[in-house]
$ cat input_14.cif   # mmCIF, N, CA and C atoms
data_start
#
loop_
_atom_site.label_atom_id
_atom_site.label_comp_id
_atom_site.auth_asym_id
_atom_site.auth_seq_id
_atom_site.Cartn_x
_atom_site.Cartn_y
_atom_site.Cartn_z
N MET A 82 -66.08 -71.67 30.27
CA MET A 82 -64.84 -71.13 30.68
C MET A 82 -64.33 -71.92 31.88
N PRO A 83 -63.03 -72.24 31.84
CA PRO A 83 -62.51 -73.05 32.94
C PRO A 83 -62.27 -72.18 34.17
N THR A 84 -62.39 -72.75 35.25
CA THR A 84 -62.17 -72.03 36.50
C THR A 84 -60.92 -72.55 37.17
N ILE A 85 -60.22 -71.69 37.83
CA ILE A 85 -58.98 -72.07 38.50
C ILE A 85 -59.34 -72.29 39.97
N PRO A 86 -59.05 -73.50 40.47
CA PRO A 86 -59.37 -73.74 41.88
C PRO A 86 -58.37 -73.01 42.76
N LEU A 87 -58.82 -72.30 43.73
CA LEU A 87 -57.97 -71.55 44.64
C LEU A 87 -57.67 -72.40 45.86
N ASP A 88 -56.81 -73.31 45.73
CA ASP A 88 -56.42 -74.12 46.88
C ASP A 88 -55.01 -73.72 47.30
N TYR A 89 -54.49 -74.42 48.27
CA TYR A 89 -53.18 -74.06 48.82
C TYR A 89 -52.05 -74.29 47.83
N THR A 90 -52.16 -75.19 46.86
CA THR A 90 -51.09 -75.42 45.88
C THR A 90 -50.95 -74.23 44.93
N PHE A 91 -52.08 -73.67 44.58
CA PHE A 91 -52.04 -72.50 43.71
C PHE A 91 -51.38 -71.33 44.44
N LEU A 92 -51.75 -71.17 45.70
CA LEU A 92 -51.15 -70.10 46.49
C LEU A 92 -49.66 -70.39 46.71
N GLY A 93 -49.28 -71.63 46.85
CA GLY A 93 -47.86 -72.01 46.98
C GLY A 93 -47.10 -71.71 45.70
N GLN A 94 -47.74 -71.97 44.58
CA GLN A 94 -47.08 -71.67 43.30
C GLN A 94 -46.88 -70.16 43.14
N ILE A 95 -47.88 -69.40 43.54
CA ILE A 95 -47.75 -67.93 43.46
C ILE A 95 -46.64 -67.48 44.39
N ALA A 96 -46.57 -68.02 45.60
CA ALA A 96 -45.53 -67.64 46.55
C ALA A 96 -44.15 -68.04 46.02
N LEU A 97 -44.02 -69.25 45.46
CA LEU A 97 -42.74 -69.68 44.89
C LEU A 97 -42.36 -68.79 43.70
N PHE A 98 -43.36 -68.44 42.89
CA PHE A 98 -43.08 -67.56 41.74
C PHE A 98 -42.56 -66.20 42.21
N VAL A 99 -43.19 -65.63 43.23
CA VAL A 99 -42.76 -64.33 43.76
C VAL A 99 -41.37 -64.45 44.35
N LEU A 100 -41.09 -65.52 45.13
CA LEU A 100 -39.77 -65.71 45.71
C LEU A 100 -38.72 -65.89 44.59
N LEU A 101 -39.06 -66.69 43.57
CA LEU A 101 -38.13 -66.86 42.45
C LEU A 101 -37.90 -65.53 41.73
N TRP A 102 -39.00 -64.80 41.56
CA TRP A 102 -38.88 -63.49 40.90
C TRP A 102 -37.98 -62.56 41.69
N LEU A 103 -38.14 -62.49 42.99
CA LEU A 103 -37.32 -61.62 43.83
C LEU A 103 -35.86 -62.07 43.80
N ALA A 104 -35.64 -63.39 43.86
CA ALA A 104 -34.27 -63.91 43.83
C ALA A 104 -33.61 -63.61 42.48
N LEU A 105 -34.36 -63.86 41.41
CA LEU A 105 -33.80 -63.58 40.08
C LEU A 105 -33.57 -62.07 39.91
N LYS A 106 -34.48 -61.29 40.42
CA LYS A 106 -34.33 -59.84 40.30
C LYS A 106 -33.06 -59.38 41.00
N ARG A 107 -32.86 -59.87 42.21
CA ARG A 107 -31.71 -59.44 43.00
C ARG A 107 -30.40 -60.00 42.45
N PHE A 108 -30.37 -61.25 42.10
CA PHE A 108 -29.10 -61.89 41.73
C PHE A 108 -28.86 -61.97 40.22
N TRP A 109 -29.86 -61.73 39.41
CA TRP A 109 -29.67 -61.85 37.96
C TRP A 109 -30.04 -60.56 37.22
N PHE A 110 -31.27 -60.10 37.34
CA PHE A 110 -31.75 -58.97 36.55
C PHE A 110 -31.03 -57.66 36.91
N GLU A 111 -30.98 -57.34 38.19
CA GLU A 111 -30.34 -56.07 38.59
C GLU A 111 -28.86 -56.04 38.24
N PRO A 112 -28.04 -57.09 38.54
CA PRO A 112 -26.64 -57.03 38.11
C PRO A 112 -26.48 -56.94 36.59
N THR A 113 -27.34 -57.68 35.89
CA THR A 113 -27.26 -57.64 34.42
C THR A 113 -27.61 -56.25 33.91
N LEU A 114 -28.68 -55.66 34.44
CA LEU A 114 -29.08 -54.32 34.02
C LEU A 114 -28.00 -53.28 34.40
N ARG A 115 -27.39 -53.45 35.59
CA ARG A 115 -26.33 -52.54 36.02
C ARG A 115 -25.13 -52.63 35.05
N VAL A 116 -24.75 -53.86 34.68
CA VAL A 116 -23.64 -54.04 33.73
C VAL A 116 -24.00 -53.42 32.39
N LEU A 117 -25.23 -53.61 31.94
CA LEU A 117 -25.65 -53.02 30.67
C LEU A 117 -25.64 -51.50 30.73
N ARG A 118 -26.10 -50.93 31.86
CA ARG A 118 -26.08 -49.47 32.01
C ARG A 118 -24.64 -48.95 32.03
N GLU A 119 -23.77 -49.64 32.76
CA GLU A 119 -22.37 -49.23 32.81
C GLU A 119 -21.72 -49.30 31.42
N ARG A 120 -21.99 -50.38 30.71
CA ARG A 120 -21.45 -50.54 29.37
C ARG A 120 -21.97 -49.42 28.45
N SER A 121 -23.26 -49.12 28.58
CA SER A 121 -23.85 -48.06 27.78
C SER A 121 -23.21 -46.71 28.13
N ALA A 122 -23.01 -46.47 29.43
CA ALA A 122 -22.39 -45.20 29.84
C ALA A 122 -20.96 -45.10 29.32
N ARG A 123 -20.22 -46.22 29.41
CA ARG A 123 -18.85 -46.20 28.89
C ARG A 123 -18.85 -45.97 27.38
N SER A 124 -19.77 -46.61 26.69
CA SER A 124 -19.85 -46.44 25.24
C SER A 124 -20.19 -45.00 24.89
N GLU A 125 -21.17 -44.45 25.60
CA GLU A 125 -21.54 -43.06 25.34
C GLU A 125 -20.39 -42.12 25.67
N GLY A 126 -19.68 -42.43 26.76
CA GLY A 126 -18.51 -41.61 27.12
C GLY A 126 -17.43 -41.70 26.06
N ALA A 127 -17.21 -42.92 25.56
CA ALA A 127 -16.19 -43.10 24.51
C ALA A 127 -16.63 -42.39 23.24
N ILE A 128 -17.91 -42.47 22.93
CA ILE A 128 -18.42 -41.78 21.73
C ILE A 128 -18.28 -40.28 21.89
N ALA A 129 -18.63 -39.77 23.08
CA ALA A 129 -18.50 -38.33 23.33
C ALA A 129 -17.03 -37.91 23.25
N GLU A 130 -16.15 -38.73 23.81
CA GLU A 130 -14.73 -38.42 23.75
C GLU A 130 -14.23 -38.45 22.30
N ALA A 131 -14.69 -39.42 21.52
CA ALA A 131 -14.30 -39.50 20.12
C ALA A 131 -14.80 -38.27 19.35
N ARG A 132 -16.03 -37.85 19.67
CA ARG A 132 -16.55 -36.64 19.01
C ARG A 132 -15.72 -35.42 19.39
N ALA A 133 -15.35 -35.33 20.66
CA ALA A 133 -14.53 -34.20 21.11
C ALA A 133 -13.18 -34.22 20.42
N ILE A 134 -12.58 -35.40 20.31
CA ILE A 134 -11.28 -35.52 19.62
C ILE A 134 -11.43 -35.15 18.16
N GLN A 135 -12.53 -35.61 17.55
CA GLN A 135 -12.76 -35.29 16.14
C GLN A 135 -12.96 -33.79 15.97
N ALA A 136 -13.71 -33.15 16.87
CA ALA A 136 -13.91 -31.70 16.80
C ALA A 136 -12.57 -30.98 16.97
N GLU A 137 -11.75 -31.43 17.90
CA GLU A 137 -10.43 -30.83 18.12
C GLU A 137 -9.56 -30.99 16.87
N ALA A 138 -9.60 -32.18 16.27
CA ALA A 138 -8.83 -32.42 15.05
C ALA A 138 -9.31 -31.50 13.93
N GLU A 139 -10.60 -31.32 13.81
CA GLU A 139 -11.15 -30.43 12.79
C GLU A 139 -10.72 -28.98 13.06
N ARG A 140 -10.74 -28.58 14.32
CA ARG A 140 -10.31 -27.23 14.68
C ARG A 140 -8.83 -27.04 14.33
N LEU A 141 -8.01 -28.03 14.67
CA LEU A 141 -6.59 -27.95 14.37
C LEU A 141 -6.34 -27.93 12.86
N ARG A 142 -7.13 -28.74 12.10
CA ARG A 142 -6.99 -28.74 10.65
C ARG A 142 -7.33 -27.36 10.08
N ALA A 143 -8.42 -26.77 10.58
CA ALA A 143 -8.80 -25.44 10.11
C ALA A 143 -7.74 -24.40 10.49
N GLU A 144 -7.20 -24.53 11.69
CA GLU A 144 -6.15 -23.62 12.14
C GLU A 144 -4.90 -23.77 11.26
N HIS A 145 -4.56 -25.02 10.96
CA HIS A 145 -3.40 -25.29 10.11
C HIS A 145 -3.63 -24.74 8.71
N ALA A 146 -4.82 -24.94 8.18
CA ALA A 146 -5.13 -24.43 6.83
C ALA A 146 -5.05 -22.90 6.82
N ALA A 147 -5.54 -22.26 7.88
CA ALA A 147 -5.47 -20.80 7.96
C ALA A 147 -4.01 -20.34 8.04
N ALA A 148 -3.21 -21.07 8.80
CA ALA A 148 -1.79 -20.71 8.91
C ALA A 148 -1.09 -20.89 7.56
N LEU A 149 -1.43 -21.95 6.83
CA LEU A 149 -0.84 -22.17 5.50
C LEU A 149 -1.25 -21.06 4.54
N ASP A 150 -2.54 -20.69 4.58
CA ASP A 150 -3.00 -19.60 3.72
C ASP A 150 -2.27 -18.31 4.05
N GLN A 151 -2.10 -18.03 5.34
CA GLN A 151 -1.39 -16.83 5.75
C GLN A 151 0.07 -16.87 5.29
N ALA A 152 0.70 -18.04 5.43
CA ALA A 152 2.09 -18.18 5.00
C ALA A 152 2.21 -17.99 3.49
N ARG A 153 1.27 -18.54 2.73
CA ARG A 153 1.28 -18.35 1.28
C ARG A 153 1.13 -16.88 0.92
N ALA A 154 0.19 -16.22 1.60
CA ALA A 154 -0.04 -14.79 1.33
C ALA A 154 1.21 -13.98 1.67
N ASP A 155 1.83 -14.30 2.80
CA ASP A 155 3.06 -13.59 3.20
C ASP A 155 4.17 -13.83 2.18
N ALA A 156 4.32 -15.08 1.74
CA ALA A 156 5.36 -15.40 0.76
C ALA A 156 5.10 -14.66 -0.56
N GLU A 157 3.85 -14.63 -0.98
CA GLU A 157 3.51 -13.93 -2.22
C GLU A 157 3.78 -12.44 -2.09
N ARG A 158 3.41 -11.87 -0.94
CA ARG A 158 3.64 -10.45 -0.70
C ARG A 158 5.16 -10.15 -0.70
N GLU A 159 5.93 -11.02 -0.06
CA GLU A 159 7.38 -10.83 -0.04
C GLU A 159 7.97 -10.96 -1.44
N ALA A 160 7.48 -11.93 -2.22
CA ALA A 160 7.97 -12.10 -3.59
C ALA A 160 7.66 -10.85 -4.42
N GLN A 161 6.46 -10.31 -4.26
CA GLN A 161 6.11 -9.10 -4.99
C GLN A 161 6.99 -7.93 -4.57
N GLU A 162 7.27 -7.84 -3.28
CA GLU A 162 8.15 -6.77 -2.79
C GLU A 162 9.55 -6.93 -3.36
N ILE A 163 10.04 -8.17 -3.43
CA ILE A 163 11.37 -8.42 -4.00
C ILE A 163 11.39 -8.03 -5.47
N VAL A 164 10.33 -8.37 -6.20
CA VAL A 164 10.26 -8.01 -7.62
C VAL A 164 10.23 -6.49 -7.77
N ARG A 165 9.42 -5.81 -6.94
CA ARG A 165 9.36 -4.35 -7.01
C ARG A 165 10.73 -3.73 -6.70
N GLN A 166 11.39 -4.27 -5.70
CA GLN A 166 12.72 -3.76 -5.33
C GLN A 166 13.71 -4.00 -6.46
N ALA A 167 13.64 -5.18 -7.08
CA ALA A 167 14.55 -5.49 -8.19
C ALA A 167 14.29 -4.55 -9.37
N GLU A 168 13.01 -4.28 -9.65
CA GLU A 168 12.69 -3.36 -10.74
C GLU A 168 13.22 -1.96 -10.43
N ALA A 169 13.07 -1.53 -9.17
CA ALA A 169 13.57 -0.20 -8.80
C ALA A 169 15.10 -0.17 -8.92
N ASP A 170 15.77 -1.23 -8.46
CA ASP A 170 17.23 -1.30 -8.59
C ASP A 170 17.64 -1.28 -10.06
N GLN A 171 16.90 -2.03 -10.89
CA GLN A 171 17.21 -2.08 -12.31
C GLN A 171 17.08 -0.69 -12.93
N LYS A 172 16.00 0.02 -12.61
CA LYS A 172 15.82 1.37 -13.15
C LYS A 172 16.94 2.30 -12.68
N ARG A 173 17.30 2.18 -11.39
CA ARG A 173 18.36 3.02 -10.85
C ARG A 173 19.69 2.73 -11.54
N LEU A 174 20.01 1.43 -11.71
CA LEU A 174 21.27 1.06 -12.36
C LEU A 174 21.29 1.49 -13.83
N ILE A 175 20.17 1.35 -14.51
CA ILE A 175 20.11 1.79 -15.91
C ILE A 175 20.31 3.29 -16.00
N GLY A 176 19.68 4.02 -15.07
CA GLY A 176 19.85 5.48 -15.04
C GLY A 176 21.30 5.86 -14.78
N GLN A 177 21.94 5.17 -13.83
CA GLN A 177 23.35 5.44 -13.55
C GLN A 177 24.22 5.13 -14.76
N ALA A 178 23.94 3.98 -15.40
CA ALA A 178 24.72 3.61 -16.58
C ALA A 178 24.53 4.64 -17.69
N ARG A 179 23.30 5.10 -17.86
CA ARG A 179 23.02 6.11 -18.90
C ARG A 179 23.78 7.40 -18.58
N ASP A 180 23.75 7.81 -17.30
CA ASP A 180 24.46 9.03 -16.91
C ASP A 180 25.96 8.87 -17.11
N ASP A 181 26.49 7.69 -16.73
CA ASP A 181 27.92 7.43 -16.92
C ASP A 181 28.28 7.47 -18.40
N ALA A 182 27.45 6.84 -19.23
CA ALA A 182 27.71 6.83 -20.67
C ALA A 182 27.66 8.25 -21.23
N GLN A 183 26.70 9.04 -20.75
CA GLN A 183 26.58 10.43 -21.21
C GLN A 183 27.83 11.22 -20.82
N ARG A 184 28.30 11.03 -19.57
CA ARG A 184 29.51 11.72 -19.13
C ARG A 184 30.72 11.29 -19.96
N MET A 185 30.82 9.99 -20.20
CA MET A 185 31.94 9.48 -20.99
C MET A 185 31.90 10.07 -22.40
N MET A 186 30.70 10.14 -22.98
CA MET A 186 30.56 10.72 -24.33
C MET A 186 30.97 12.19 -24.30
N GLU A 187 30.54 12.93 -23.31
CA GLU A 187 30.90 14.34 -23.22
C GLU A 187 32.40 14.50 -23.03
N ASP A 188 33.00 13.66 -22.17
CA ASP A 188 34.45 13.71 -21.97
C ASP A 188 35.17 13.40 -23.28
N ALA A 189 34.71 12.35 -23.98
CA ALA A 189 35.35 11.98 -25.25
C ALA A 189 35.22 13.11 -26.26
N ARG A 190 34.04 13.72 -26.35
CA ARG A 190 33.84 14.84 -27.29
C ARG A 190 34.75 16.01 -26.93
N ARG A 191 34.87 16.29 -25.62
CA ARG A 191 35.72 17.38 -25.18
C ARG A 191 37.19 17.09 -25.53
N ARG A 192 37.61 15.84 -25.27
CA ARG A 192 38.99 15.48 -25.60
C ARG A 192 39.24 15.57 -27.10
N ILE A 193 38.29 15.06 -27.89
CA ILE A 193 38.43 15.12 -29.35
C ILE A 193 38.48 16.57 -29.82
N ALA A 194 37.58 17.41 -29.24
CA ALA A 194 37.57 18.83 -29.62
C ALA A 194 38.90 19.48 -29.25
N ASP A 195 39.43 19.13 -28.07
CA ASP A 195 40.73 19.69 -27.66
C ASP A 195 41.83 19.22 -28.61
N GLU A 196 41.79 17.93 -28.96
CA GLU A 196 42.81 17.39 -29.87
C GLU A 196 42.70 18.03 -31.24
N VAL A 197 41.46 18.23 -31.73
CA VAL A 197 41.27 18.88 -33.04
C VAL A 197 41.79 20.30 -32.99
N ALA A 198 41.49 21.01 -31.90
CA ALA A 198 41.95 22.40 -31.78
C ALA A 198 43.47 22.45 -31.74
N SER A 199 44.05 21.50 -30.97
CA SER A 199 45.50 21.44 -30.86
C SER A 199 46.10 21.12 -32.23
N ALA A 200 45.49 20.17 -32.95
CA ALA A 200 45.99 19.81 -34.27
C ALA A 200 45.87 21.00 -35.22
N ARG A 201 44.79 21.75 -35.13
CA ARG A 201 44.60 22.93 -36.00
C ARG A 201 45.65 23.99 -35.68
N ARG A 202 45.91 24.20 -34.40
CA ARG A 202 46.94 25.18 -34.03
C ARG A 202 48.31 24.73 -34.58
N GLY A 203 48.55 23.41 -34.40
CA GLY A 203 49.81 22.88 -34.92
C GLY A 203 49.89 23.03 -36.43
N LEU A 204 48.78 22.76 -37.14
CA LEU A 204 48.77 22.88 -38.59
C LEU A 204 48.92 24.34 -39.00
N ARG A 205 48.29 25.25 -38.25
CA ARG A 205 48.42 26.67 -38.57
C ARG A 205 49.89 27.09 -38.43
N ASP A 206 50.46 26.67 -37.33
CA ASP A 206 51.87 27.02 -37.12
C ASP A 206 52.73 26.37 -38.23
N SER A 207 52.43 25.13 -38.57
CA SER A 207 53.18 24.43 -39.60
C SER A 207 52.90 25.02 -40.97
N ALA A 208 51.69 25.51 -41.19
CA ALA A 208 51.32 26.06 -42.50
C ALA A 208 52.20 27.27 -42.82
N HIS A 209 52.46 28.11 -41.86
CA HIS A 209 53.32 29.28 -42.11
C HIS A 209 54.73 28.82 -42.46
N GLU A 210 55.20 27.82 -41.74
CA GLU A 210 56.55 27.31 -42.00
C GLU A 210 56.60 26.64 -43.38
N ILE A 211 55.56 25.84 -43.70
CA ILE A 211 55.52 25.16 -44.99
C ILE A 211 55.42 26.19 -46.11
N ALA A 212 54.60 27.21 -45.88
CA ALA A 212 54.45 28.25 -46.91
C ALA A 212 55.79 28.96 -47.13
N ARG A 213 56.53 29.24 -46.12
CA ARG A 213 57.83 29.89 -46.24
C ARG A 213 58.79 28.99 -47.02
N ILE A 214 58.80 27.67 -46.71
CA ILE A 214 59.69 26.73 -47.39
C ILE A 214 59.29 26.63 -48.86
N VAL A 215 57.99 26.55 -49.15
CA VAL A 215 57.52 26.45 -50.53
C VAL A 215 57.91 27.74 -51.27
N ALA A 216 57.73 28.86 -50.63
CA ALA A 216 58.07 30.13 -51.29
C ALA A 216 59.57 30.19 -51.57
N GLN A 217 60.39 29.70 -50.71
CA GLN A 217 61.83 29.67 -50.92
C GLN A 217 62.16 28.80 -52.12
N LYS A 218 61.52 27.64 -52.18
CA LYS A 218 61.82 26.73 -53.27
C LYS A 218 61.32 27.28 -54.59
N VAL A 219 60.17 27.88 -54.56
CA VAL A 219 59.60 28.41 -55.80
C VAL A 219 60.41 29.62 -56.23
N LEU A 220 60.73 30.48 -55.36
CA LEU A 220 61.44 31.71 -55.72
C LEU A 220 62.95 31.45 -55.82
N GLY A 221 63.38 30.42 -55.20
CA GLY A 221 64.78 30.06 -55.26
C GLY A 221 65.62 30.93 -54.37
N ARG A 222 65.11 31.59 -53.49
CA ARG A 222 65.89 32.43 -52.59
C ARG A 222 65.41 32.25 -51.18
N PRO A 223 66.23 32.51 -50.21
CA PRO A 223 65.83 32.37 -48.81
C PRO A 223 64.89 33.50 -48.43
N ALA A 224 63.93 33.18 -47.65
CA ALA A 224 62.95 34.21 -47.32
C ALA A 224 63.21 34.86 -46.02
#
$ encode --input "input_14.cif" --output "structure tokens"
Amino acid sequence: MPTIPLDYTFLGQIALFVLLWLALKRFWFEPTLRVLRERSARSEGAIAEARAIQAEAERLRAEHAAALDQARADAEREAQEIVRQAEADQKRLIGQARDDAQRMMEDARRRIADEVASARRGLRDSAHEIARIVAQKVLGRPA
């Protein structure tokens, strides 16, 4: 096994190595590590911010979807109410038309009955006169 001579050059090399190490640590390693840590922190912050924005967007999407569902339900409910109201109006109008038609029929029947009665009275009155005229003509003498 080889042995390392411990003379002043070896100790000088160790001292120079330590001085170089300290200089590199102070002027190279620490600033580089600090920049890397800062970059990592900024990246993590940006990632966290992106996640927060994504969560907010998802919340807003869900809120929007719920509002759309509610609007659809309201519109459907209003449409059903309009249909129910239209059906009720239709039934009411049909009932009114039926009642009006019934009244008109009754009025027409009453008028016809009055006209028939009037015509019968007129015919009765005329029948006596016609019978008298026929009797005069048949008997040849004034009655």
$ atom_distance --input "input_14.cif" --atom1 "atom N of Asp181 of chain A" --atom2 "atom N of Arg165 of chain A"
23.9 Å
$ atom_distance --input "input_14.cif" --atom1 "atom C of Arg205 of chain A" --atom2 "atom C of Ile193 of chain A"
17.7 Å
$ axis_aligned_box --input "input_14.cif" --around "segment 199-204 of chain A" --padding-each-side "4 Å" --output "JSON"
{"center_x": 47.0, "center_y": 22.5, "center_z": -34.9, "size_x": 13.8, "size_y": 13.4, "size_z": 16.1}
$ atom_distance --input "input_14.cif" --atom1 "atom CA of Ser124 of chain A" --atom2 "atom CA of Glu111 of chain A"
19.5 Å
